[in-house]
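See below for the structure under consideration.
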Amino acid sequence: MVRTRIAPSPTGKDLHIGNLYTALINWAFAKKNKGKFIVRIEDTDRQRLVLGAEQQILKTLKDFGLEPDEDPEKGGPFSPYRQSERLNLYQKYAHQLVEKGFAYYCTCSKERLEKLRKEQQEKKQIPRYDGHCRNLNLSRVDLEKKKIPYVVRLKVPKDKKITVYDLIRGEIVFNSNDIDDQILLKSDGFPTYHLAVVIDDHLMQISHVIRAEEWLSSTPKHVLLYQAFNWPLPVFCHLPILRNPDRSKLSKRKNPVWASWYLKEGFLPEAVLNYLALMGWSHPKQKEIFDLKEFINVFDLKDIQVVGPAFDPVKLEWLNGEWIRKTEDSKLKEKILKYYKNYQNKKLDPKLVEKIIPLVKERMKKLSDFWFYCQFFFEEPKVDANLIKNAPYLKDIYRSLSTIKDWTTQNIGQSMQELAKKLGIKTGDFFMTLRIAICGKKISPPLNESMEILGKEKCLERVKRIMKD
RNA sequence: GCUCUCAUCGUCUAGCGGCCUAGGACAUCACCUUCUCAAGGUGGGGACAGGGGUUCGAAUCCCCUUGAGAGCACCA
């Protein structure tokens, strides 16, 4: 049974776009293999804990359609899915590790460690624990009786080769001498990531650990732990890290990184996921546009590249535009209404939106573009008088428009075309004047169609209003 | 600094020893279409980091150099 997971920590505003990428791959791999996709919240750092982050992460995941099979809210066979609720478990295993000789208690103060690190840095040495407590065989009972704070450290063996198998990189060999005696259990009784991740992945029967490349270097520590517990290893697979345009790790200074930002900006979840799927992977038939169903079908974890790709917002926009054009009008209407209601606090008239969609569908790159093009349908435009100061023929336009009996695109177009010809004005200039009078700006959906939808009365009003000014 | 992982157009990538005078997509430029802006169509420029091998033959395999990224916390 394939069981995958993402393990976000609630230390930010929301789900990081990089985490969304990892989630996509985990989700897709699970679905492809008819397995389960799990979300476990790693909230063991209470210093950086952000209130509400967990809910936001779970919500964002759902907004993108990557619904977990098991998570802290809906539970599952391995509850709880929140590490802060599993503390006794980690403590039990940590002490067990000490008993078995794979770990030891350490009472070094943060001050001592900091000083040590400084000295090492000054000597240009690698900052790491010096093993002060490693062979002291400190007794837990003793420490607890005397109320001396302690941590549990991993007793990394000397001169040992540790082999990590990565699904896309193959075999990677590490020398144990390069690995620090990692703290497993902090003095506050909380585990560090390394302890908790191994215990939970094992207990939750995670078959494939698919996570970002930043974890690759600490994987030997995890392997050591699996060996100490005598647990079978999961399959490890380290995904490339998304980069900024300057190739550094994707960060909020240089790019919007919160997944929900893209939704607020008017990107479609399908498009964002489609774009993310293209990061480090390509469709066997070189297709650029495909949905999740197809992705699950054709993708293979092994085919993912290891180079960190640069996140390109411009291509994302293009793809989003493609997705908007691909969406049926009726569905697009729902998306637009929902978007403006949820993110812009605007209740748009569904019937009007429905009529306008064919005019703007191929012009929109993001849902937010709808308002850019169509605001004048909903509100009286503010017209910059400077834009039409040289148009004394507005009166003629008004007169011609008023004589149109059957207010259709065709009749409007014909009437205006004839008028422009009669007046001897270049059609480009003529229609631009009309456009500004009706729409209030130089850019608009097709004019005649827009005027038909807007209605004769409103169009006449708008022309007249400009005349007065 | 040390450890690990990598290296094809500006960007995302195809390529897994001959099909490569290196293909596609985004972006860019030109043209066509056109009442604006788009969309669409046609075409152009643009890459195998460098150097050694191996081989009849190398973008593809090996080595070195250079470059890039990640990790080196009582953070995840």
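Identifiers in the structure tokens: chain A, B, ... in order shown; residue index from 1 per chain; ligand index from 1 in order shown.
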
Please produce, as CSV, a per-residue contact table for region 2-73 of chain B versus region 243-250 of chain A (criterion: any atom at most 9 Å away, only C-alpha atoms (C1' of nucleotides) considered), showing the nearest atom pair and its distance in Å to one decimal, sorted by chain then residue number.
residue,atom,partner,partner_atom,distance
B:U11,C1',A:Pro245,CA,8.4
B:A68,C1',A:Arg247,CA,8.0
B:G69,C1',A:Ser248,CA,7.3
B:A70,C1',A:Lys249,CA,8.8

In region 228-372 of chain A, DSSP alpha helix (DSSP H) residues written as a ChimeraX atom specification
/A:228-229,259-264,269-277,292-298,313-326,329-343,350-360,369-372

Can you list, as number ranges by chain, every protein, DNA or RNA residue that comes within 10 Å of U13 (chain B) when you count only C-alpha atoms (C1' of nucleotides), leaving out same-chain residues fewer than 6 positions away?
A: 278-283, 286; B: 24-25

Go ahead and dump the residues you just picked, N, CA and C atoms (P, O5', C5', C4', C3', O3' and C1' of nucleotides), as a compact mmCIF listing (two decimals), in the first residue's frame.
# COMPACT_ATOMS: atom_id res chain seq x y z
N LEU A 278 4.90 21.02 -14.25
CA LEU A 278 5.91 21.22 -15.29
C LEU A 278 7.29 21.57 -14.72
N MET A 279 7.35 21.72 -13.43
CA MET A 279 8.61 22.03 -12.78
C MET A 279 9.40 20.74 -12.59
N GLY A 280 10.49 20.61 -13.31
CA GLY A 280 11.30 19.42 -13.15
C GLY A 280 10.74 18.19 -13.81
N TRP A 281 9.73 18.38 -14.60
CA TRP A 281 9.12 17.22 -15.25
C TRP A 281 8.47 17.68 -16.54
N SER A 282 8.38 16.80 -17.50
CA SER A 282 7.67 17.17 -18.71
C SER A 282 6.80 16.02 -19.19
N HIS A 283 5.72 16.38 -19.82
CA HIS A 283 4.77 15.41 -20.33
C HIS A 283 5.46 14.55 -21.41
N GLN A 286 5.18 15.94 -24.59
CA GLN A 286 5.56 17.35 -24.63
C GLN A 286 4.37 18.29 -24.48
P G B 24 10.92 23.21 -32.95
O5' G B 24 9.96 23.05 -31.68
C5' G B 24 8.78 22.26 -31.79
C4' G B 24 8.17 22.07 -30.43
C3' G B 24 7.78 23.34 -29.70
O3' G B 24 6.53 23.83 -30.14
C1' G B 24 8.93 21.91 -28.21
P A B 25 6.23 25.38 -30.08
O5' A B 25 6.06 25.64 -28.52
C5' A B 25 4.94 25.10 -27.83
C4' A B 25 5.03 25.46 -26.37
C3' A B 25 5.24 26.96 -26.10
O3' A B 25 4.02 27.68 -26.15
C1' A B 25 6.76 25.71 -24.80

Go through B:G45, B:G10, B:G50, B:G1 and flag the residue nearest chain A, using only C-alpha atoms (C1' of nucleotides) for the distances.
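Smallest distance to chain A is found for B:G1.
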
Can you list, as a list of chain:residue names, every residue of region 219-292 of chain A that DSSP puts in strand (DSSP E)?
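Taking region 219-292 of chain A and keeping strand (DSSP E) gives A:Val235, A:Phe236, A:Cys237, A:His238, A:Leu239.
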
Give me, as a list in words, the contact residues of chain B against chain A at a cut-off of 6 Å, counting only C-alpha atoms (C1' of nucleotides).
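Selected residues: C26, C35, U36, C37, A38, A39, A70, G71 and C74 of chain B.
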
Put those residues in a file: C-alpha atoms (C1' of nucleotides), as a JSON list (two decimals), in the first residue's frame.
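Saved file again-v6.json follows:
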[["chain", "number", "residue", "atom", "x", "y", "z"],
["B", 26, "C", "C1'", 7.01, 30.72, -22.36],
["B", 35, "C", "C1'", -12.39, 49.95, -34.49],
["B", 36, "U", "C1'", -8.78, 49.32, -28.97],
["B", 37, "C", "C1'", -6.64, 45.37, -26.13],
["B", 38, "A", "C1'", -6.28, 40.42, -26.63],
["B", 39, "A", "C1'", -6.67, 35.73, -28.97],
["B", 70, "A", "C1'", 21.15, 22.54, -0.77],
["B", 71, "G", "C1'", 22.70, 21.24, 4.12],
["B", 74, "C", "C1'", 17.45, 22.62, 21.82]]
